[in-house]
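Student: Following this line is model.txt, made up of compact mmCIF, C-alpha atoms:
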# COMPACT_ATOMS: atom_id res chain seq x y z
CA MET X 12 -19.74 12.08 -47.23
CA PHE X 13 -19.66 15.64 -45.81
CA MET X 14 -23.29 16.22 -46.60
CA ASN X 15 -24.52 14.02 -43.78
CA THR X 16 -22.38 15.68 -41.04
CA LYS X 17 -24.36 17.86 -38.68
CA GLY X 18 -23.10 20.84 -36.61
CA ILE X 19 -24.08 21.62 -33.05
CA SER X 20 -27.68 22.40 -32.44
CA PRO X 21 -28.81 26.01 -32.05
CA LEU X 22 -29.86 25.29 -28.46
CA ILE X 23 -26.37 24.14 -27.44
CA ALA X 24 -24.75 27.13 -29.24
CA THR X 25 -27.01 29.53 -27.33
CA VAL X 26 -26.19 27.87 -24.00
CA LEU X 27 -22.44 28.10 -24.73
CA ILE X 28 -22.68 31.79 -25.68
CA ILE X 29 -24.64 32.57 -22.51
CA GLY X 30 -22.11 30.61 -20.40
CA PHE X 31 -19.12 32.50 -21.87
CA THR X 32 -20.91 35.82 -21.34
CA VAL X 33 -21.66 35.03 -17.69
CA ALA X 34 -18.04 33.96 -17.04
CA LEU X 35 -16.68 37.11 -18.71
CA ALA X 36 -19.09 39.30 -16.70
CA ALA X 37 -17.96 37.63 -13.45
CA LEU X 38 -14.30 38.34 -14.28
CA ILE X 39 -15.02 42.00 -15.07
CA ILE X 40 -17.10 42.50 -11.91
CA THR X 41 -14.35 40.95 -9.73
CA TRP X 42 -11.63 43.13 -11.29
CA GLY X 43 -13.81 46.25 -11.14
CA GLY X 44 -14.63 45.69 -7.47
CA GLN X 45 -10.96 45.39 -6.54
CA PHE X 46 -10.09 48.49 -8.60
CA ILE X 47 -12.84 50.56 -6.98
CA ARG X 48 -11.90 49.39 -3.46
CA GLY X 49 -8.24 50.30 -4.05
CA THR X 50 -9.16 53.74 -5.40
CA GLN X 51 -11.56 54.33 -2.50
CA GLU X 52 -8.90 53.43 0.10
CA SER X 53 -6.38 55.76 -1.55
CA VAL X 54 -8.87 58.65 -1.62
CA GLU X 55 -9.83 57.99 2.03
CA GLN X 56 -6.18 58.09 3.07
CA GLN X 57 -5.52 61.34 1.20
CA ALA X 58 -8.69 62.91 2.62
CA GLY X 59 -7.65 61.89 6.15
CA VAL X 60 -4.24 63.51 5.74
CA GLN X 61 -5.76 66.68 4.26
CA LEU X 62 -8.28 66.90 7.10
CA ALA X 63 -5.56 66.44 9.74
CA CYS X 64 -3.41 69.08 8.02
CA SER X 65 -6.28 71.56 7.84
CA GLN X 66 -6.86 71.21 11.59
CA LEU X 67 -3.17 71.73 12.37
CA GLU X 68 -2.31 75.04 14.02
CA PHE X 69 1.23 75.97 15.03
CA ASP X 70 3.38 79.05 14.93
CA ILE X 71 6.98 80.22 14.93
CA THR X 72 7.15 82.16 18.19
CA ASN X 73 10.76 83.36 18.11
CA ILE X 74 13.95 83.30 16.08
CA ASN X 75 17.43 83.66 17.57
CA CYS X 76 20.67 84.15 15.74
CA ASP X 77 24.42 83.93 16.11
CA ASP X 78 26.49 86.99 15.30
CA PHE X 79 29.71 86.00 13.52
CA GLY X 80 31.01 89.55 13.09
CA THR X 81 30.37 92.29 10.60
CA ASN X 82 26.87 91.80 9.24
CA THR X 83 27.15 88.02 9.26
CA VAL X 84 24.14 86.94 11.29
CA LYS X 85 22.90 83.37 10.86
CA LEU X 86 19.96 81.52 12.39
CA ALA X 87 20.81 79.78 15.65
CA SER X 88 17.40 78.61 16.80
CA VAL X 89 13.74 78.66 15.86
CA SER X 90 11.00 78.35 18.51
CA ILE X 91 7.72 76.73 17.52
CA ALA X 92 4.50 76.18 19.47
CA SER X 93 1.43 74.09 18.69
CA GLN X 94 -2.08 75.44 19.28
CA SER X 95 -3.91 72.27 18.26
CA ASN X 96 -4.40 68.74 19.50
CA GLN X 97 -2.44 67.38 16.52
CA GLN X 98 1.03 65.95 17.14
CA ILE X 99 3.73 67.32 14.82
CA ALA X 100 6.25 64.62 13.91
CA ASP X 101 8.81 66.99 12.41
CA VAL X 102 9.20 70.30 10.57
CA ILE X 103 10.99 71.49 7.46
CA LEU X 104 12.56 74.95 7.80
CA ARG X 105 12.91 77.33 4.89
CA VAL X 106 14.25 80.92 4.73
CA THR X 107 13.29 83.36 1.99
CA SER X 108 15.64 86.24 1.24
CA LYS X 109 14.57 89.72 0.13
CA ASP X 110 15.32 88.91 -3.51
CA GLY X 111 12.74 86.09 -3.39
CA SER X 112 15.12 83.14 -3.45
CA TYR X 113 14.71 80.59 -0.71
CA PHE X 114 17.07 78.30 1.14
CA TRP X 115 16.25 75.06 2.90
CA VAL X 116 17.58 75.37 6.43
CA SER X 117 16.73 71.73 6.91
CA ASP X 118 16.77 69.06 4.25
CA PRO X 119 13.14 67.97 3.61
CA ASN X 120 14.25 64.35 4.02
CA SER X 121 16.15 64.81 7.31
CA ARG X 122 14.88 65.12 10.87
CA VAL X 123 14.90 68.48 12.67
CA LEU X 124 12.92 67.49 15.76
CA GLN X 125 14.52 64.69 17.76
CA ASN X 126 11.14 63.94 19.35
CA ALA X 127 7.70 64.87 18.06
CA LEU X 128 6.09 68.12 19.16
CA PRO X 129 3.16 67.05 21.37
CA PRO X 130 -0.30 68.60 21.10
CA PHE X 131 -0.31 72.14 22.56
CA GLY X 132 3.46 71.83 23.11
CA ALA X 133 6.41 74.08 22.35
CA LYS X 134 10.00 73.41 21.31
CA ILE X 135 13.15 75.31 20.49
CA ILE X 136 14.95 73.89 17.47
CA THR X 137 18.66 74.44 17.93
CA THR X 138 20.11 71.80 15.64
CA LEU X 139 19.87 73.54 12.30
CA PRO X 140 21.74 71.14 10.01
CA ASN X 141 22.33 73.25 6.90
CA ASN X 142 25.05 75.93 6.99
CA ASN X 143 24.14 77.31 3.58
CA TRP X 144 21.26 79.58 4.55
CA PRO X 145 21.48 83.27 3.71
CA THR X 146 23.20 85.71 6.03
CA GLU X 147 21.80 89.04 7.11
CA GLN X 148 23.79 90.61 4.29
CA SER X 149 21.48 89.07 1.70
CA GLY X 150 18.46 90.15 3.72
CA PHE X 151 16.01 87.80 5.40
CA LYS X 152 12.38 88.32 4.49
CA LEU X 153 10.54 85.24 5.74
CA VAL X 154 11.17 82.10 7.78
CA GLU X 155 8.75 79.22 7.27
CA ALA X 156 8.20 75.96 9.12
CA ILE X 157 6.35 73.24 7.20
CA ALA X 158 4.83 70.63 9.49
CA LYS X 159 5.07 66.88 9.01
CA ILE X 160 2.44 64.66 10.61
CA ILE X 161 2.09 60.89 10.87
CA ASP X 162 -0.44 59.46 8.43
CA SER X 163 -2.88 57.53 10.66
CA GLN X 164 -3.50 54.81 8.06
CA GLY X 165 -0.09 54.41 6.44
CA GLY X 166 2.12 55.31 9.43
CA GLN X 167 4.39 57.46 7.22
CA GLU X 168 5.46 61.07 7.80
CA VAL X 169 3.61 63.39 5.45
CA ALA X 170 4.44 67.07 4.86
CA CYS X 171 1.38 69.28 5.27
CA GLU X 172 1.15 71.82 2.49
CA ALA X 173 -1.58 73.58 4.49
CA GLY X 174 0.43 73.39 7.72
CA ILE X 175 2.94 76.20 7.21
CA ALA X 176 3.88 78.63 9.99
CA LYS X 177 5.35 81.91 8.73
CA PHE X 178 7.56 84.44 10.49
CA ASN X 179 7.63 87.63 8.40
CA ILE X 180 10.64 89.78 9.16
CA VAL X 181 10.56 93.58 9.32
CA GLN X 182 14.17 94.30 10.30
CA SER X 183 17.00 92.69 12.17
CA ARG X 184 17.85 93.62 15.72
CA GLY X 185 21.49 92.52 15.70
CA GLU X 186 22.77 91.65 19.14
CA GLN X 187 19.52 92.22 21.03
CA THR X 188 17.50 89.28 22.28
CA GLY X 189 16.48 87.37 19.22
CA CYS X 190 17.62 88.71 15.90
CA PHE X 191 14.48 89.73 14.07
CA GLU X 192 11.34 91.75 14.67
CA ARG X 193 8.18 90.07 13.52
CA THR X 194 5.74 91.69 11.16
CA PRO X 195 2.57 92.57 13.09
CA PRO X 196 -0.35 90.26 12.28
CA PRO X 197 -2.78 91.63 9.65
Give the structure from this file in structure tokens form.
Tutor:
Amino acid sequence: MFMNTKGISPLIATVLIIGFTVALAALIITWGGQFIRGTQESVEQQAGVQLACSQLEFDITNINCDDFGTNTVKLASVSIASQSNQQIADVILRVTSKDGSYFWVSDPNSRVLQNALPPFGAKIITTLPNNNWPTEQSGFKLVEAIAKIIDSQGGQEVACEAGIAKFNIVQSRGEQTGCFERTPPP
């Protein structure tokens, strides 16, 4: 009874194998295309941010302080100026003491600038939110401003690792105008 039963012909088996192979190839090509497009868009966005950050030029032009009595001088304001046509959305301020430890004057997640710094503009930052920065007693060595720009594709604020303005401090000037002398440029 089973001896007379025939299987599918070799021609039909070959057609089925080729059909499954073509369908599987189509699925892999569709998935691969979406994966490559997503990776390409991510790399383009990161490259755009890095290019914008590399073209960013700004500087800390002055630092002023408040004198609270015997050797207790704290930052009161930081003046920044842009020398590029890139708008700066915000800045993160950081102070490094002589022993190498650093203190965030502004929380990296909070806003220091109420309005963005326009291209070729200047601002004085007077609202320094953190009261835990070092005093003159611990010895200031460096004040840094890290720029944040708006990502043109994502619309989010991005901190520029390449966009850091540094104010190296030689010595304090106490009650004179400003409170620090800047290290001469190299």
Student: Rank X:Ile160, X:Asn179, X:Val106, X:Ala100 by their smallest atom-to-atom distance to Ser65 of chain X, using all atoms listed in the file, and report the top residue only.
Tutor: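 Ranked by minimum distance to Ser65 of chain X, first place goes to X:Ile160.
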Student: Which value, in Å to one decimal, gives the distance between atom CA of Val154 of chain X and atom CA of Ala87 of chain X?
Tutor: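 Between these atoms lies a distance of 12.7 Å.
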Student: Would you compute the distance between atom CA of Asn73 of chain X and atom CA of Gln61 of chain X? Give it in Å to one decimal.
Tutor: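 These atoms are spaced 27.3 Å apart.
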Student: Here is a test: counting all atoms listed in the file, which residue of X:Gln167, X:Gly132, X:Leu104, X:Lys177 is nearest to Gln56 of chain X?
Tutor: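 Using all atoms listed in the file, Gln56 of chain X sits closest to X:Gln167.
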Student: How many Å lie between atom CA of Asp110 of chain X and atom CA of Leu153 of chain X, rounded to one decimal?
Tutor: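 About the pair atom CA of Asp110 of chain X and atom CA of Leu153 of chain X: they are 11.0 Å apart.
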Student: Under the rule that only C-alpha atoms are counted, which of X:Arg105, X:Ile40, X:Ile136, X:Glu172 is the nearest residue to Ala158 of chain X?
Tutor: X:Glu172
Student: Kindly indicate which residue among X:Leu22, X:Leu35, X:Ala133, X:Val89 lies nearest to Ile74 of chain X, using all atoms listed in the file for the distances.
Tutor: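 Looking at the shortest contact to Ile74 of chain X, the residue is X:Val89.
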Student: Give me the residues within 12 Å of Asp162 of chain X as a list of chain:residue names, counting all atoms listed in the file and dropping any in the same chain fewer than 2 places off.
Tutor: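 So the residues in contact are X:Glu55, X:Gln56, X:Gln57, X:Ala58, X:Gly59, X:Val60, X:Gln61, X:Leu62, X:Ala63, X:Cys64, X:Gln97, X:Gln98, X:Ile99, X:Ala100, X:Lys159, X:Ile160, X:Gln164, X:Gly165, X:Gly166, X:Gln167, X:Glu168, X:Val169, X:Ala170, X:Cys171.
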Student: Export, as a PDB file, in the frame of the given file, the selected residues with C-alpha atoms.
Tutor:
ATOM      1  CA  GLU X  55      -9.830  57.990   2.030  1.00  0.00           C
ATOM      2  CA  GLN X  56      -6.180  58.090   3.070  1.00  0.00           C
ATOM      3  CA  GLN X  57      -5.520  61.340   1.200  1.00  0.00           C
ATOM      4  CA  ALA X  58      -8.690  62.910   2.620  1.00  0.00           C
ATOM      5  CA  GLY X  59      -7.650  61.890   6.150  1.00  0.00           C
ATOM      6  CA  VAL X  60      -4.240  63.510   5.740  1.00  0.00           C
ATOM      7  CA  GLN X  61      -5.760  66.680   4.260  1.00  0.00           C
ATOM      8  CA  LEU X  62      -8.280  66.900   7.100  1.00  0.00           C
ATOM      9  CA  ALA X  63      -5.560  66.440   9.740  1.00  0.00           C
ATOM     10  CA  CYS X  64      -3.410  69.080   8.020  1.00  0.00           C
ATOM     11  CA  GLN X  97      -2.440  67.380  16.520  1.00  0.00           C
ATOM     12  CA  GLN X  98       1.030  65.950  17.140  1.00  0.00           C
ATOM     13  CA  ILE X  99       3.730  67.320  14.820  1.00  0.00           C
ATOM     14  CA  ALA X 100       6.250  64.620  13.910  1.00  0.00           C
ATOM     15  CA  LYS X 159       5.070  66.880   9.010  1.00  0.00           C
ATOM     16  CA  ILE X 160       2.440  64.660  10.610  1.00  0.00           C
ATOM     17  CA  GLN X 164      -3.500  54.810   8.060  1.00  0.00           C
ATOM     18  CA  GLY X 165      -0.090  54.410   6.440  1.00  0.00           C
ATOM     19  CA  GLY X 166       2.120  55.310   9.430  1.00  0.00           C
ATOM     20  CA  GLN X 167       4.390  57.460   7.220  1.00  0.00           C
ATOM     21  CA  GLU X 168       5.460  61.070   7.800  1.00  0.00           C
ATOM     22  CA  VAL X 169       3.610  63.390   5.450  1.00  0.00           C
ATOM     23  CA  ALA X 170       4.440  67.070   4.860  1.00  0.00           C
ATOM     24  CA  CYS X 171       1.380  69.280   5.270  1.00  0.00           C
TER      25      CYS X 171
END
Student: Counting all atoms listed in the file, which residue out of X:Phe69, X:Ser93, X:Lys152, X:Ile47 sits closest to Lys109 of chain X?
Tutor: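 Residue with the minimum atom-to-atom distance to Lys109 of chain X: X:Lys152.
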Student: Which of these residues is nearest to Val123 of chain X, using all atoms listed in the file: X:Ile29, X:Leu67, X:Ile157, X:Ala92?
Tutor: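 Answer, going by the shortest atom-to-atom distance: X:Ile157.
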